[in-house]
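Peer 1: Sharing entry-v2.cif, mmCIF, N, CA and C atoms:
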data_model
#
loop_
_atom_site.label_atom_id
_atom_site.label_comp_id
_atom_site.auth_asym_id
_atom_site.auth_seq_id
_atom_site.Cartn_x
_atom_site.Cartn_y
_atom_site.Cartn_z
N MET A 1 164.13 42.16 24.54
CA MET A 1 162.75 42.47 24.22
C MET A 1 161.78 41.49 24.84
N GLU A 2 162.26 40.35 25.31
CA GLU A 2 161.34 39.38 25.90
C GLU A 2 160.90 39.78 27.29
N SER A 3 161.61 40.70 27.94
CA SER A 3 161.25 41.10 29.30
C SER A 3 160.15 42.15 29.34
N LEU A 4 159.80 42.70 28.20
CA LEU A 4 158.73 43.71 28.17
C LEU A 4 157.36 43.06 28.30
N PRO A 5 156.41 43.72 28.95
CA PRO A 5 155.07 43.13 29.08
C PRO A 5 154.33 43.16 27.74
N ASP A 6 153.30 42.33 27.65
CA ASP A 6 152.47 42.30 26.44
C ASP A 6 151.67 43.59 26.33
N VAL A 7 151.38 43.99 25.12
CA VAL A 7 150.57 45.17 24.87
C VAL A 7 149.12 44.81 25.22
N PRO A 8 148.46 45.60 26.10
CA PRO A 8 147.10 45.26 26.49
C PRO A 8 146.13 45.44 25.31
N ARG A 9 145.13 44.58 25.27
CA ARG A 9 144.12 44.69 24.22
C ARG A 9 143.05 45.69 24.62
N VAL A 10 142.59 46.47 23.69
CA VAL A 10 141.53 47.44 23.92
C VAL A 10 140.28 46.90 23.25
N VAL A 11 139.16 46.87 24.00
CA VAL A 11 137.89 46.38 23.44
C VAL A 11 136.83 47.45 23.60
N GLN A 12 135.81 47.37 22.75
CA GLN A 12 134.71 48.32 22.84
C GLN A 12 133.54 47.64 23.54
N LEU A 13 133.03 48.28 24.60
CA LEU A 13 131.90 47.75 25.36
C LEU A 13 130.60 48.04 24.64
N PRO A 14 129.51 47.35 25.03
CA PRO A 14 128.23 47.58 24.35
C PRO A 14 127.73 49.02 24.45
N ASP A 15 128.13 49.78 25.49
CA ASP A 15 127.66 51.16 25.60
C ASP A 15 128.50 52.11 24.76
N GLY A 16 129.51 51.60 24.05
CA GLY A 16 130.29 52.42 23.14
C GLY A 16 131.60 52.91 23.71
N THR A 17 131.87 52.65 24.97
CA THR A 17 133.13 53.09 25.57
C THR A 17 134.20 52.04 25.34
N TYR A 18 135.44 52.47 25.39
CA TYR A 18 136.58 51.58 25.20
C TYR A 18 137.23 51.30 26.56
N THR A 19 137.73 50.10 26.72
CA THR A 19 138.42 49.73 27.95
C THR A 19 139.44 48.66 27.64
N TYR A 20 140.34 48.43 28.57
CA TYR A 20 141.30 47.34 28.41
C TYR A 20 140.61 46.02 28.71
N SER A 21 140.98 44.98 28.03
CA SER A 21 140.31 43.69 28.18
C SER A 21 140.64 43.02 29.50
N ASP A 22 141.77 43.36 30.12
CA ASP A 22 142.11 42.73 31.40
C ASP A 22 141.38 43.38 32.57
N ARG A 23 140.60 44.43 32.32
CA ARG A 23 139.87 45.11 33.40
C ARG A 23 138.37 45.01 33.20
N LEU A 24 137.91 44.00 32.55
CA LEU A 24 136.47 43.84 32.37
C LEU A 24 135.82 43.48 33.70
N PRO A 25 134.60 43.94 33.96
CA PRO A 25 133.96 43.61 35.22
C PRO A 25 133.69 42.11 35.31
N VAL A 26 133.94 41.58 36.49
CA VAL A 26 133.73 40.16 36.74
C VAL A 26 132.34 40.00 37.36
N PRO A 27 131.50 39.14 36.79
CA PRO A 27 130.17 38.96 37.38
C PRO A 27 130.28 38.24 38.73
N GLN A 28 129.36 38.61 39.63
CA GLN A 28 129.36 37.96 40.94
C GLN A 28 128.88 36.53 40.78
N GLN A 29 129.56 35.64 41.44
CA GLN A 29 129.22 34.23 41.28
C GLN A 29 128.37 33.74 42.43
N TYR A 30 128.34 34.45 43.54
CA TYR A 30 127.52 34.04 44.68
C TYR A 30 126.25 34.87 44.66
N SER A 31 125.12 34.22 44.58
CA SER A 31 123.87 34.97 44.47
C SER A 31 123.05 34.91 45.75
N GLY A 32 123.57 34.33 46.80
CA GLY A 32 122.84 34.23 48.07
C GLY A 32 122.89 35.53 48.84
N PRO A 33 122.31 35.56 50.04
CA PRO A 33 122.33 36.79 50.85
C PRO A 33 123.75 37.11 51.31
N GLN A 34 123.99 38.38 51.40
CA GLN A 34 125.31 38.83 51.83
C GLN A 34 125.42 38.72 53.34
N ILE A 35 126.51 38.16 53.82
CA ILE A 35 126.72 37.98 55.25
C ILE A 35 127.68 39.06 55.72
N VAL A 36 127.24 39.81 56.71
CA VAL A 36 128.05 40.89 57.27
C VAL A 36 128.34 40.55 58.72
N HIS A 37 129.61 40.47 59.06
CA HIS A 37 130.01 40.25 60.45
C HIS A 37 130.28 41.60 61.07
N GLN A 38 129.46 41.97 62.01
CA GLN A 38 129.60 43.28 62.63
C GLN A 38 129.86 43.08 64.11
N HIS A 39 130.92 43.71 64.59
CA HIS A 39 131.27 43.63 66.00
C HIS A 39 131.04 45.00 66.61
N VAL A 40 130.19 45.06 67.61
CA VAL A 40 129.86 46.32 68.26
C VAL A 40 130.56 46.33 69.62
N HIS A 41 131.37 47.35 69.81
CA HIS A 41 132.09 47.49 71.07
C HIS A 41 131.73 48.82 71.70
N GLN A 42 131.68 48.82 73.02
CA GLN A 42 131.42 50.08 73.71
C GLN A 42 132.71 50.87 73.77
N ALA A 43 132.63 52.15 73.46
CA ALA A 43 133.82 52.99 73.48
C ALA A 43 134.20 53.27 74.93
N PRO A 44 135.49 53.35 75.22
CA PRO A 44 135.91 53.67 76.58
C PRO A 44 135.49 55.09 76.94
N PRO A 45 135.38 55.40 78.21
CA PRO A 45 134.86 56.72 78.62
C PRO A 45 135.72 57.89 78.19
N ASP A 46 137.02 57.69 77.94
CA ASP A 46 137.85 58.82 77.56
C ASP A 46 137.76 59.14 76.07
N ARG A 47 136.89 58.51 75.34
CA ARG A 47 136.75 58.77 73.91
C ARG A 47 135.50 59.62 73.61
N THR A 48 135.00 60.29 74.62
CA THR A 48 133.78 61.07 74.44
C THR A 48 134.00 62.17 73.41
N VAL A 49 135.11 62.86 73.49
CA VAL A 49 135.40 63.95 72.56
C VAL A 49 135.48 63.43 71.13
N GLN A 50 136.09 62.26 70.96
CA GLN A 50 136.21 61.71 69.63
C GLN A 50 134.85 61.33 69.08
N ARG A 51 133.99 60.75 69.90
CA ARG A 51 132.67 60.37 69.42
C ARG A 51 131.84 61.60 69.07
N ILE A 52 131.96 62.67 69.87
CA ILE A 52 131.23 63.90 69.56
C ILE A 52 131.75 64.49 68.26
N ALA A 53 133.08 64.48 68.08
CA ALA A 53 133.65 65.04 66.87
C ALA A 53 133.21 64.27 65.64
N LEU A 54 133.16 62.96 65.73
CA LEU A 54 132.73 62.17 64.58
C LEU A 54 131.24 62.40 64.31
N GLY A 55 130.45 62.51 65.36
CA GLY A 55 129.02 62.66 65.18
C GLY A 55 128.64 64.02 64.63
N SER A 56 129.41 65.05 64.95
CA SER A 56 129.06 66.39 64.50
C SER A 56 129.67 66.74 63.16
N GLY A 57 130.43 65.83 62.57
CA GLY A 57 130.98 66.08 61.25
C GLY A 57 132.21 66.95 61.24
N VAL A 58 132.88 67.10 62.37
CA VAL A 58 134.08 67.94 62.42
C VAL A 58 135.20 67.30 61.61
N GLY A 59 135.31 66.00 61.67
CA GLY A 59 136.26 65.31 60.81
C GLY A 59 137.38 64.65 61.54
N ALA A 60 138.24 64.04 60.76
CA ALA A 60 139.32 63.25 61.33
C ALA A 60 140.37 64.11 62.01
N GLY A 61 140.50 65.36 61.60
CA GLY A 61 141.48 66.23 62.25
C GLY A 61 141.18 66.46 63.71
N MET A 62 139.92 66.65 64.02
CA MET A 62 139.52 66.83 65.41
C MET A 62 139.74 65.55 66.20
N VAL A 63 139.46 64.43 65.59
CA VAL A 63 139.65 63.16 66.27
C VAL A 63 141.14 62.94 66.54
N ALA A 64 141.96 63.19 65.54
CA ALA A 64 143.40 63.01 65.72
C ALA A 64 143.94 63.97 66.78
N ALA A 65 143.46 65.19 66.77
CA ALA A 65 143.92 66.16 67.77
C ALA A 65 143.49 65.72 69.17
N GLY A 66 142.27 65.22 69.28
CA GLY A 66 141.81 64.76 70.59
C GLY A 66 142.58 63.56 71.08
N VAL A 67 142.87 62.65 70.18
CA VAL A 67 143.60 61.45 70.58
C VAL A 67 145.03 61.79 70.95
N TYR A 68 145.66 62.67 70.20
CA TYR A 68 147.07 62.98 70.44
C TYR A 68 147.25 64.01 71.55
N PHE A 69 146.54 65.13 71.46
CA PHE A 69 146.79 66.22 72.38
C PHE A 69 146.05 66.08 73.70
N GLY A 70 145.04 65.23 73.79
CA GLY A 70 144.33 65.05 75.05
C GLY A 70 145.24 64.53 76.15
N PRO A 71 145.82 63.34 75.98
CA PRO A 71 146.74 62.85 77.01
C PRO A 71 147.98 63.71 77.17
N LEU A 72 148.43 64.32 76.09
CA LEU A 72 149.59 65.19 76.18
C LEU A 72 149.30 66.41 77.06
N LEU A 73 148.11 66.98 76.89
CA LEU A 73 147.71 68.12 77.70
C LEU A 73 147.58 67.74 79.17
N VAL A 74 147.01 66.58 79.44
CA VAL A 74 146.89 66.12 80.83
C VAL A 74 148.26 65.94 81.46
N GLY A 75 149.19 65.36 80.72
CA GLY A 75 150.53 65.17 81.24
C GLY A 75 151.24 66.49 81.52
N VAL A 76 151.10 67.44 80.60
CA VAL A 76 151.75 68.74 80.79
C VAL A 76 151.17 69.48 81.98
N LEU A 77 149.85 69.47 82.11
CA LEU A 77 149.22 70.16 83.24
C LEU A 77 149.59 69.50 84.57
N THR A 78 149.70 68.19 84.59
CA THR A 78 150.11 67.50 85.81
C THR A 78 151.54 67.87 86.19
N ALA A 79 152.43 67.91 85.21
CA ALA A 79 153.81 68.28 85.49
C ALA A 79 153.90 69.73 85.99
N MET A 80 153.11 70.61 85.38
CA MET A 80 153.12 72.00 85.83
C MET A 80 152.59 72.12 87.25
N ALA A 81 151.53 71.38 87.55
CA ALA A 81 150.97 71.44 88.90
C ALA A 81 151.96 70.92 89.93
N ALA A 82 152.68 69.85 89.59
CA ALA A 82 153.68 69.31 90.52
C ALA A 82 154.80 70.31 90.75
N ASN A 83 155.26 70.96 89.69
CA ASN A 83 156.32 71.97 89.84
C ASN A 83 155.86 73.15 90.68
N LEU A 84 154.64 73.61 90.42
CA LEU A 84 154.12 74.74 91.20
C LEU A 84 153.92 74.37 92.66
N ALA A 85 153.49 73.14 92.93
CA ALA A 85 153.33 72.70 94.32
C ALA A 85 154.68 72.67 95.04
N LEU A 86 155.71 72.18 94.36
CA LEU A 86 157.04 72.14 94.96
C LEU A 86 157.56 73.56 95.21
N LEU A 87 157.37 74.46 94.25
CA LEU A 87 157.80 75.84 94.45
C LEU A 87 157.04 76.51 95.59
N ALA A 88 155.75 76.22 95.73
CA ALA A 88 154.97 76.80 96.84
C ALA A 88 155.47 76.27 98.18
N LEU A 89 155.83 75.00 98.23
CA LEU A 89 156.37 74.44 99.48
C LEU A 89 157.70 75.09 99.83
N ILE A 90 158.57 75.25 98.85
CA ILE A 90 159.86 75.89 99.11
C ILE A 90 159.66 77.34 99.56
N ALA A 91 158.73 78.06 98.91
CA ALA A 91 158.46 79.45 99.31
C ALA A 91 157.92 79.52 100.74
N ALA A 92 157.07 78.58 101.12
CA ALA A 92 156.52 78.58 102.48
C ALA A 92 157.61 78.29 103.51
N VAL A 93 158.49 77.35 103.21
CA VAL A 93 159.58 77.04 104.15
C VAL A 93 160.53 78.23 104.27
N CYS A 94 160.84 78.87 103.15
CA CYS A 94 161.73 80.06 103.21
C CYS A 94 161.07 81.20 103.99
N ALA A 95 159.79 81.41 103.77
CA ALA A 95 159.09 82.48 104.51
C ALA A 95 159.08 82.18 106.00
N TRP A 96 158.84 80.91 106.35
CA TRP A 96 158.84 80.53 107.77
C TRP A 96 160.22 80.77 108.39
N GLY A 97 161.27 80.41 107.63
CA GLY A 97 162.63 80.62 108.14
C GLY A 97 162.94 82.09 108.32
N VAL A 98 162.55 82.93 107.37
CA VAL A 98 162.82 84.37 107.48
C VAL A 98 162.07 84.95 108.67
N VAL A 99 160.81 84.57 108.82
CA VAL A 99 160.03 85.10 109.94
C VAL A 99 160.64 84.67 111.27
N THR A 100 161.07 83.43 111.35
CA THR A 100 161.68 82.94 112.59
C THR A 100 162.96 83.70 112.91
N VAL A 101 163.80 83.92 111.90
CA VAL A 101 165.05 84.65 112.13
C VAL A 101 164.77 86.09 112.52
N VAL A 102 163.84 86.73 111.85
CA VAL A 102 163.52 88.13 112.17
C VAL A 102 162.97 88.25 113.58
N ARG A 103 162.12 87.33 113.99
CA ARG A 103 161.57 87.38 115.35
C ARG A 103 162.67 87.19 116.40
N SER A 104 163.57 86.26 116.13
CA SER A 104 164.62 86.01 117.14
C SER A 104 165.62 87.15 117.20
N VAL A 105 165.93 87.76 116.06
CA VAL A 105 166.88 88.86 116.06
C VAL A 105 166.23 90.14 116.57
N GLY A 106 164.99 90.34 116.31
CA GLY A 106 164.32 91.59 116.66
C GLY A 106 163.91 91.67 118.12
N SER A 107 163.91 90.59 118.88
CA SER A 107 163.47 90.64 120.28
C SER A 107 164.66 90.95 121.19
N ALA A 108 164.37 90.98 122.47
CA ALA A 108 165.43 91.25 123.46
C ALA A 108 166.44 90.11 123.46
N ASP A 109 165.98 88.88 123.23
CA ASP A 109 166.91 87.75 123.17
C ASP A 109 167.87 87.91 122.00
N GLY A 110 167.37 88.41 120.91
CA GLY A 110 168.23 88.62 119.75
C GLY A 110 169.28 89.67 120.01
N LYS A 111 168.90 90.72 120.73
CA LYS A 111 169.88 91.77 121.05
C LYS A 111 170.95 91.24 121.99
N ARG A 112 170.52 90.43 122.95
CA ARG A 112 171.51 89.84 123.85
C ARG A 112 172.45 88.90 123.11
N ALA A 113 171.92 88.15 122.16
CA ALA A 113 172.75 87.22 121.39
C ALA A 113 173.75 88.00 120.54
N ALA A 114 173.32 89.11 119.95
CA ALA A 114 174.24 89.92 119.14
C ALA A 114 175.34 90.51 120.02
N ASP A 115 174.99 90.96 121.24
CA ASP A 115 176.00 91.49 122.16
C ASP A 115 177.00 90.41 122.54
N ASN A 116 176.52 89.19 122.79
CA ASN A 116 177.42 88.09 123.15
C ASN A 116 178.37 87.77 122.00
N VAL A 117 177.89 87.85 120.79
CA VAL A 117 178.76 87.59 119.64
C VAL A 117 179.83 88.67 119.54
N ARG A 118 179.44 89.93 119.77
CA ARG A 118 180.42 91.02 119.71
C ARG A 118 181.48 90.86 120.81
N ARG A 119 181.05 90.52 121.98
CA ARG A 119 182.01 90.32 123.08
C ARG A 119 182.95 89.16 122.78
N GLY A 120 182.42 88.13 122.20
CA GLY A 120 183.25 86.97 121.88
C GLY A 120 184.29 87.31 120.82
N ARG A 121 183.97 88.16 119.91
CA ARG A 121 184.94 88.55 118.89
C ARG A 121 186.02 89.46 119.46
N ARG A 122 185.64 90.29 120.42
CA ARG A 122 186.64 91.22 121.01
C ARG A 122 187.66 90.49 121.83
N ARG A 123 187.27 89.38 122.46
CA ARG A 123 188.17 88.64 123.33
C ARG A 123 189.27 87.92 122.54
N ARG A 124 189.05 87.63 121.32
CA ARG A 124 190.05 86.91 120.52
C ARG A 124 191.14 87.80 120.17
#
Hey, can you dump this file as structure tokens for me?
Peer 2:
Amino acid sequence: MESLPDVPRVVQLPDGTYTYSDRLPVPQQYSGPQIVHQHVHQAPPDRTVQRIALGSGVGAGMVAAGVYFGPLLVGVLTAMAANLALLALIAAVCAWGVVTVVRSVGSADGKRAADNVRRGRRRR
């Protein structure tokens, strides 16, 4: 029974309300002017969306979404653009190769080359 806490005392305040005695308001002991240390920093340029969201009252959800999804969206779009650029390069090289092969096979030189291949196979 010695490990149990003491029973808190209940007192009645002058306005008639009851409260615990350990939670009475403590009077301020310093009566001089209040000193506020305020540090003002310029926001970086990529925080424009966050500052607009805070100023327009949209709330912390918009700020959190801007902070989290902004760089994520930039990264995803960059990766997509790099993939599309690589696919476009591969498509251009393949198209160039097909056109080159079709031109060489479709001309008189291509016909002569095909005849030479046929003759070479017959000789074996």
Peer 1: To one decimal place, how far is CA of Arg103 in chain A from CA of Asp115 in chain A in Å?
Peer 2: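 The value is 16.5 Å.
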Peer 1: Report, in Å with one decimal, the straight-line distance from CA of Phe69 in chain A to CA of Ala85 in chain A.
Peer 2: 23.8 Å
Peer 1: In Å to one decimal, how far is atom C of Arg122 in chain A from atom C of Val101 in chain A?
Peer 2: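 Between these atoms lies a distance of 25.1 Å.
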